[in-house]
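Visitor: What follows is the file start.pdb, containing PDB, C-alpha atoms:
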ATOM      1  CA  GLN A 100     122.654 110.191  80.905
ATOM      2  CA  VAL A 101     120.222 112.396  82.725
ATOM      3  CA  GLN A 102     119.988 113.394  86.360
ATOM      4  CA  LEU A 103     116.652 114.001  88.052
ATOM      5  CA  VAL A 104     116.030 115.870  91.291
ATOM      6  CA  GLU A 105     112.563 115.904  92.864
ATOM      7  CA  SER A 106     111.202 118.306  95.420
ATOM      8  CA  GLY A 107     107.905 119.432  96.854
ATOM      9  CA  GLY A 108     106.870 116.465  98.935
ATOM     10  CA  GLY A 109     105.577 116.820 102.455
ATOM     11  CA  SER A 110     102.809 116.035 104.878
ATOM     12  CA  VAL A 111      99.274 117.269 104.300
ATOM     13  CA  GLN A 112      95.806 116.485 105.501
ATOM     14  CA  ALA A 113      93.291 114.735 103.320
ATOM     15  CA  GLY A 114      91.807 117.130 100.799
ATOM     16  CA  GLY A 115      94.964 119.184 100.617
ATOM     17  CA  SER A 116      97.256 119.866  97.681
ATOM     18  CA  LEU A 117     100.922 119.558  96.842
ATOM     19  CA  ARG A 118     102.982 120.292  93.772
ATOM     20  CA  LEU A 119     105.983 118.154  93.040
ATOM     21  CA  SER A 120     108.817 119.368  90.849
ATOM     22  CA  CYS A 121     111.465 117.408  88.974
ATOM     23  CA  VAL A 122     114.444 119.178  87.485
ATOM     24  CA  ALA A 123     116.316 117.308  84.788
ATOM     25  CA  SER A 124     119.917 117.886  83.801
ATOM     26  CA  GLY A 125     122.329 116.201  81.444
ATOM     27  CA  TYR A 126     121.199 114.874  78.079
ATOM     28  CA  THR A 127     117.718 116.322  78.435
ATOM     29  CA  HIS A 128     117.352 116.832  74.699
ATOM     30  CA  SER A 129     117.313 113.035  74.289
ATOM     31  CA  ILE A 130     114.425 112.373  76.687
ATOM     32  CA  ASN A 131     111.526 110.519  75.015
ATOM     33  CA  PHE A 132     109.067 110.693  77.851
ATOM     34  CA  MET A 133     108.934 111.606  81.504
ATOM     35  CA  GLY A 134     106.605 110.832  84.309
ATOM     36  CA  TRP A 135     105.838 110.268  87.932
ATOM     37  CA  PHE A 136     105.684 106.919  89.679
ATOM     38  CA  ARG A 137     104.976 106.163  93.287
ATOM     39  CA  GLN A 138     105.663 103.373  95.707
ATOM     40  CA  ALA A 139     103.874 102.815  98.994
ATOM     41  CA  PRO A 140     105.335 100.569 101.709
ATOM     42  CA  GLY A 141     104.844  96.922 100.830
ATOM     43  CA  LYS A 142     103.553  97.713  97.349
ATOM     44  CA  GLU A 143     105.042  97.727  93.886
ATOM     45  CA  ARG A 144     106.046 100.927  92.173
ATOM     46  CA  GLU A 145     103.225 102.158  89.970
ATOM     47  CA  ALA A 146     102.864 104.736  87.242
ATOM     48  CA  VAL A 147     100.916 107.818  88.255
ATOM     49  CA  VAL A 148     101.162 110.144  85.280
ATOM     50  CA  THR A 149     103.485 110.080  82.273
ATOM     51  CA  ILE A 150     103.847 112.403  79.324
ATOM     52  CA  LEU A 151     105.556 112.318  75.949
ATOM     53  CA  THR A 152     108.146 115.054  75.938
ATOM     54  CA  GLY A 153     107.054 118.076  73.925
ATOM     55  CA  SER A 154     103.508 116.821  73.446
ATOM     56  CA  ASP A 155     100.194 116.768  75.240
ATOM     57  CA  TYR A 156      99.946 112.977  75.106
ATOM     58  CA  SER A 157      99.843 111.614  78.599
ATOM     59  CA  TYR A 158      98.782 108.623  80.677
ATOM     60  CA  THR A 159      97.032 109.047  84.000
ATOM     61  CA  ALA A 160      96.285 106.252  86.440
ATOM     62  CA  ASP A 161      92.573 105.793  87.149
ATOM     63  CA  SER A 162      93.174 106.272  90.857
ATOM     64  CA  VAL A 163      94.314 109.872  90.367
ATOM     65  CA  LYS A 164      92.249 111.005  87.380
ATOM     66  CA  GLY A 165      90.588 114.324  87.998
ATOM     67  CA  ARG A 166      92.906 115.034  90.940
ATOM     68  CA  PHE A 167      96.473 114.957  89.592
ATOM     69  CA  ALA A 168      97.857 116.810  86.593
ATOM     70  CA  ILE A 169     101.247 116.718  84.952
ATOM     71  CA  SER A 170     102.880 119.634  83.217
ATOM     72  CA  GLN A 171     106.278 120.508  81.865
ATOM     73  CA  GLU A 172     108.291 123.676  81.518
ATOM     74  CA  ALA A 173     110.799 122.984  78.789
ATOM     75  CA  ALA A 174     112.802 126.165  79.303
ATOM     76  CA  LYS A 175     113.570 125.070  82.858
ATOM     77  CA  ASN A 176     113.826 121.337  82.107
ATOM     78  CA  THR A 177     111.253 120.892  84.826
ATOM     79  CA  LEU A 178     108.374 118.482  85.203
ATOM     80  CA  TYR A 179     105.572 119.144  87.649
ATOM     81  CA  LEU A 180     102.896 117.056  89.299
ATOM     82  CA  GLN A 181     100.007 119.033  90.718
ATOM     83  CA  MET A 182      98.167 116.902  93.252
ATOM     84  CA  ASN A 183      94.776 118.054  94.511
ATOM     85  CA  SER A 184      92.170 116.465  96.756
ATOM     86  CA  LEU A 185      94.813 114.230  98.259
ATOM     87  CA  LYS A 186      93.738 111.050  99.991
ATOM     88  CA  PRO A 187      95.504 108.912 102.608
ATOM     89  CA  GLU A 188      95.966 106.234  99.945
ATOM     90  CA  ASP A 189      98.130 108.680  97.982
ATOM     91  CA  THR A 190     100.765 108.336 100.682
ATOM     92  CA  ALA A 191     103.934 107.066  99.015
ATOM     93  CA  MET A 192     107.389 107.900  97.838
ATOM     94  CA  TYR A 193     107.036 109.700  94.531
ATOM     95  CA  TYR A 194     109.702 109.263  91.872
ATOM     96  CA  CYS A 195     110.381 111.214  88.734
ATOM     97  CA  THR A 196     111.508 109.183  85.752
ATOM     98  CA  ALA A 197     112.856 109.932  82.301
ATOM     99  CA  ASN A 198     113.280 107.553  79.403
ATOM    100  CA  ILE A 199     116.009 107.843  76.822
ATOM    101  CA  ASP A 200     115.991 105.237  74.052
ATOM    102  CA  GLY A 201     114.573 102.561  76.295
ATOM    103  CA  SER A 202     116.670 103.320  79.368
ATOM    104  CA  ASN A 203     114.857 104.610  82.434
ATOM    105  CA  TYR A 204     116.449 107.096  84.792
ATOM    106  CA  TRP A 205     115.095 107.806  88.267
ATOM    107  CA  GLY A 206     115.326 110.545  90.835
ATOM    108  CA  GLN A 207     115.891 109.894  94.517
ATOM    109  CA  GLY A 208     112.214 110.332  95.337
ATOM    110  CA  THR A 209     110.200 112.697  97.481
ATOM    111  CA  GLN A 210     107.890 111.525 100.245
ATOM    112  CA  VAL A 211     104.222 112.439 100.274
ATOM    113  CA  THR A 212     102.230 111.680 103.398
ATOM    114  CA  VAL A 213      98.495 112.319 103.595
ATOM    115  CA  SER A 214      96.774 112.070 106.951
ATOM    116  CA  SER A 215      93.076 111.537 107.458
TER     117      SER A 215
END
Let's see the structure in the file written out as structure tokens.
Guide:
Amino acid sequence: QVQLVESGGGSVQAGGSLRLSCVASGYTHSINFMGWFRQAPGKEREAVVTILTGSDYSYTADSVKGRFAISQEAAKNTLYLQMNSLKPEDTAMYYCTANIDGSNYWGQGTQVTVSS
């Protein structure tokens, strides 16, 4: 199993930036890929950015391309999501996820609120 703890959410004005962090613990050496999802009220959870562990291969949702970037710091078992040029429609609960052999693990989420 793996445990995930997110941090870095908050309230910002449109055009602002935030950096989310996700610290993984447990069987981190078994993680296949990690990523960030988000869920806005009344909407389904959607993938934002995902990355294959130890590689540069990543997926980025069209809605955040050019504004969000994922990175990982293996030595600290930490995943980051740099969010720039934030828009009100980015408002959501952001979740870190890790996949191990087909099983998805989730953090508790961190709220991001963008005001216009």
Visitor: So which residues touch Ala160 in chain A within 8 Å, counting all atoms listed in the file, skipping near sequence neighbours fewer than 5 positions away, as a list in words?
Guide: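 My list of contacting residues is Ala146, Val147 and Val148 of chain A.
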Visitor: Kindly give the distance, in Å, that separates CA of Trp205 in chain A and CA of Tyr158 in chain A, rounded to a single decimal.
Guide: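 CA of Tyr158 in chain A lies at a distance of 18.0 Å from CA of Trp205 in chain A.
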Visitor: Kindly give the distance, in Å, that separates CA of Gln112 in chain A and CA of Met182 in chain A, rounded to a single decimal.
Guide: 12.5 Å
Visitor: May I ask which of the residues A:Thr196, A:Ala168, A:Ser120, A:Glu143 is the closest one to Gly108 in chain A, counting all atoms listed in the file?
Guide: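 Checking each candidate against Gly108 in chain A, we get A:Ser120 as the closest.
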Visitor: Mind giving me the straight-line distance from CA of Leu103 in chain A to CA of Leu185 in chain A in Å, one decimal?
Guide: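 Computing the Euclidean distance for CA of Leu103 in chain A and CA of Leu185 in chain A yields 24.1 Å.
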Visitor: Asn183 in chain A: which residues within 8 Å, counting only C-alpha atoms, same-chain residues fewer than 5 positions away excluded, as JSON, numbers by chain?
Guide: {"A": [114, 115, 116, 117, 166, 167]}
Visitor: Those residues with C-alpha atoms, as a short mmCIF file (atom, residue, chain, number, x, y, z; two decimals), in the frame of the given file please?
Guide:
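Contents of again-v7.cif, freshly written:
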data_model
loop_
_atom_site.label_atom_id
_atom_site.label_comp_id
_atom_site.auth_asym_id
_atom_site.auth_seq_id
_atom_site.Cartn_x
_atom_site.Cartn_y
_atom_site.Cartn_z
CA GLY A 114 91.81 117.13 100.80
CA GLY A 115 94.96 119.18 100.62
CA SER A 116 97.26 119.87 97.68
CA LEU A 117 100.92 119.56 96.84
CA ARG A 166 92.91 115.03 90.94
CA PHE A 167 96.47 114.96 89.59
#
Visitor: List as a list of chain:residue names the protein and nucleic acid residues near Ser110 in chain A, meaning an atom at most 8 Å away when all atoms listed in the file are counted, but skip any in the same chain fewer than 6 places from it.
Guide: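 Close residues of Ser110 in chain A: A:Val211, A:Thr212, A:Val213, A:Ser214.
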Visitor: Under the PyMOL selection byres ((chain A and resi 207) around 8), which residues of this model are included? Write them out as a ChimeraX atom specification.
Guide: /A:103-105,194,205-206,208-209
Visitor: Quick one: which residues end up in the PyMOL selection byres ((chain A and resi 140) around 10) for this structure, as a list in words?
Guide: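 So the PyMOL selection byres ((chain A and resi 140) around 10) ends up selecting Gln138, Ala139, Gly141, Lys142, Glu143, Arg144, Thr190, Ala191 and Met192 of chain A.
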Visitor: Output the residue selection produced by the PyMOL selection byres ((chain A and resi 153) around 10) on the file above, formatted as a list of chain:residue names.
Guide: A:Ile130, A:Asn131, A:Phe132, A:Ile150, A:Leu151, A:Thr152, A:Ser154, A:Asp155, A:Tyr156, A:Gln171, A:Glu172, A:Ala173
Visitor: Name the residues in contact with Lys175 in chain A at a cut-off of 10 Å, using only C-alpha atoms, excluding same-chain residues fewer than 4 positions from it; report them as a CSV table (one decimal) with C-alpha atoms, in the frame of the given file.
Guide:
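Output contents, as saved in result37.csv:
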chain,number,residue,atom,x,y,z
A,122,VAL,CA,114.4,119.2,87.5
A,123,ALA,CA,116.3,117.3,84.8
A,124,SER,CA,119.9,117.9,83.8
A,171,GLN,CA,106.3,120.5,81.9
Visitor: Go through A:Asn203, A:Ser215, A:Thr159, A:Cys195 one by one, measure the shortest atom-to-atom distance of each to Arg137 in chain A using only C-alpha atoms, and give the residue with the smallest value.
Guide: A:Cys195
Visitor: Enclose the full set of atoms of range 118-128 of chain A listed in the file within a box whose edges lie along x, y and z, apply 5 Å of padding to each of the six sides, and report centre and edge lengths in Å to one decimal as lines of an AutoDock Vina configuration file.
Guide:
center_x = 112.7
center_y = 117.6
center_z = 84.2
size_x = 29.3
size_y = 15.4
size_z = 29.1
Visitor: Closest to Gly201 in chain A among A:Ser157, A:Ser129, A:Gln181, A:Ser106, using all atoms listed in the file?
Guide: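 Among A:Ser157, A:Ser129, A:Gln181, A:Ser106, it is A:Ser129 that comes nearest to Gly201 in chain A.
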Visitor: Let me make sure I understand: among A:Phe136, A:Lys186, A:Gly125, A:Ile199, which one has the smallest atom-to-atom distance to Val111 in chain A if we use all atoms listed in the file?
Guide: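 Smallest distance to Val111 in chain A is found for A:Lys186.
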Visitor: Could you check the closest approach to Gly107 in chain A for each of A:Asp161, A:Tyr179, A:Gly134, A:Thr149 and tell me which residue wins, using all atoms listed in the file?
Guide: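 Among the listed residues, A:Tyr179 lies closest to Gly107 in chain A.
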Visitor: For a quick check of understanding, using all atoms listed in the file, which of A:Leu119, A:Ser184, A:Asp189, A:Gln100 has the smallest distance to Ile169 in chain A?
Guide: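 Of A:Leu119, A:Ser184, A:Asp189, A:Gln100, the one nearest Ile169 in chain A is A:Leu119, counting all atoms listed in the file.
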Visitor: Rebuild N, CA, C and O atoms on range 128-144 of chain A, as a PDB file, in the coordinates of the input?
Guide:
ATOM      1  N   HIS A 128     117.881 116.737  76.053  1.00  0.00           N
ATOM      2  CA  HIS A 128     117.352 116.832  74.699  1.00  0.00           C
ATOM      3  C   HIS A 128     117.034 115.448  74.131  1.00  0.00           C
ATOM      4  O   HIS A 128     116.331 115.337  73.128  1.00  0.00           O
ATOM      5  N   SER A 129     117.533 114.402  74.769  1.00  0.00           N
ATOM      6  CA  SER A 129     117.313 113.035  74.289  1.00  0.00           C
ATOM      7  C   SER A 129     116.154 112.333  74.989  1.00  0.00           C
ATOM      8  O   SER A 129     115.855 111.174  74.689  1.00  0.00           O
ATOM      9  N   ILE A 130     115.499 113.015  75.926  1.00  0.00           N
ATOM     10  CA  ILE A 130     114.425 112.373  76.687  1.00  0.00           C
ATOM     11  C   ILE A 130     113.212 112.124  75.800  1.00  0.00           C
ATOM     12  O   ILE A 130     112.740 113.032  75.125  1.00  0.00           O
ATOM     13  N   ASN A 131     112.709 110.881  75.801  1.00  0.00           N
ATOM     14  CA  ASN A 131     111.526 110.519  75.015  1.00  0.00           C
ATOM     15  C   ASN A 131     110.243 110.812  75.779  1.00  0.00           C
ATOM     16  O   ASN A 131     109.301 111.371  75.242  1.00  0.00           O
ATOM     17  N   PHE A 132     110.200 110.355  77.024  1.00  0.00           N
ATOM     18  CA  PHE A 132     109.067 110.693  77.851  1.00  0.00           C
ATOM     19  C   PHE A 132     109.496 110.782  79.306  1.00  0.00           C
ATOM     20  O   PHE A 132     110.533 110.258  79.700  1.00  0.00           O
ATOM     21  N   MET A 133     108.689 111.450  80.076  1.00  0.00           N
ATOM     22  CA  MET A 133     108.934 111.606  81.504  1.00  0.00           C
ATOM     23  C   MET A 133     107.652 111.284  82.258  1.00  0.00           C
ATOM     24  O   MET A 133     106.580 111.199  81.680  1.00  0.00           O
ATOM     25  N   GLY A 134     107.802 111.111  83.541  1.00  0.00           N
ATOM     26  CA  GLY A 134     106.605 110.832  84.309  1.00  0.00           C
ATOM     27  C   GLY A 134     106.872 110.731  85.790  1.00  0.00           C
ATOM     28  O   GLY A 134     108.002 110.909  86.259  1.00  0.00           O
ATOM     29  N   TRP A 135     105.803 110.446  86.492  1.00  0.00           N
ATOM     30  CA  TRP A 135     105.838 110.268  87.932  1.00  0.00           C
ATOM     31  C   TRP A 135     105.332 108.873  88.272  1.00  0.00           C
ATOM     32  O   TRP A 135     104.283 108.447  87.771  1.00  0.00           O
ATOM     33  N   PHE A 136     106.073 108.203  89.112  1.00  0.00           N
ATOM     34  CA  PHE A 136     105.684 106.919  89.679  1.00  0.00           C
ATOM     35  C   PHE A 136     105.618 107.083  91.187  1.00  0.00           C
ATOM     36  O   PHE A 136     106.151 108.042  91.737  1.00  0.00           O
ATOM     37  N   ARG A 137     104.990 106.135  91.833  1.00  0.00           N
ATOM     38  CA  ARG A 137     104.976 106.163  93.287  1.00  0.00           C
ATOM     39  C   ARG A 137     105.060 104.750  93.833  1.00  0.00           C
ATOM     40  O   ARG A 137     104.681 103.788  93.169  1.00  0.00           O
ATOM     41  N   GLN A 138     105.556 104.662  95.061  1.00  0.00           N
ATOM     42  CA  GLN A 138     105.663 103.373  95.707  1.00  0.00           C
ATOM     43  C   GLN A 138     105.330 103.525  97.180  1.00  0.00           C
ATOM     44  O   GLN A 138     106.000 104.269  97.911  1.00  0.00           O
ATOM     45  N   ALA A 139     104.285 102.832  97.590  1.00  0.00           N
ATOM     46  CA  ALA A 139     103.874 102.815  98.994  1.00  0.00           C
ATOM     47  C   ALA A 139     104.542 101.626  99.684  1.00  0.00           C
ATOM     48  O   ALA A 139     104.906 100.648  99.020  1.00  0.00           O
ATOM     49  N   PRO A 140     104.704 101.684 100.987  1.00  0.00           N
ATOM     50  CA  PRO A 140     105.335 100.569 101.709  1.00  0.00           C
ATOM     51  C   PRO A 140     104.629  99.243 101.443  1.00  0.00           C
ATOM     52  O   PRO A 140     103.397  99.162 101.532  1.00  0.00           O
ATOM     53  N   GLY A 141     105.397  98.242 101.070  1.00  0.00           N
ATOM     54  CA  GLY A 141     104.844  96.922 100.830  1.00  0.00           C
ATOM     55  C   GLY A 141     104.156  96.757  99.493  1.00  0.00           C
ATOM     56  O   GLY A 141     103.586  95.695  99.212  1.00  0.00           O
ATOM     57  N   LYS A 142     104.210  97.784  98.659  1.00  0.00           N
ATOM     58  CA  LYS A 142     103.553  97.713  97.349  1.00  0.00           C
ATOM     59  C   LYS A 142     104.573  97.928  96.239  1.00  0.00           C
ATOM     60  O   LYS A 142     105.657  98.450  96.460  1.00  0.00           O
ATOM     61  N   GLU A 143     104.175  97.523  95.044  1.00  0.00           N
ATOM     62  CA  GLU A 143     105.042  97.727  93.886  1.00  0.00           C
ATOM     63  C   GLU A 143     104.978  99.184  93.418  1.00  0.00           C
ATOM     64  O   GLU A 143     103.986  99.875  93.647  1.00  0.00           O
ATOM     65  N   ARG A 144     106.039  99.586  92.749  1.00  0.00           N
ATOM     66  CA  ARG A 144     106.046 100.927  92.173  1.00  0.00           C
ATOM     67  C   ARG A 144     105.027 100.970  91.039  1.00  0.00           C
ATOM     68  O   ARG A 144     104.949 100.053  90.213  1.00  0.00           O
TER      69      ARG A 144
END
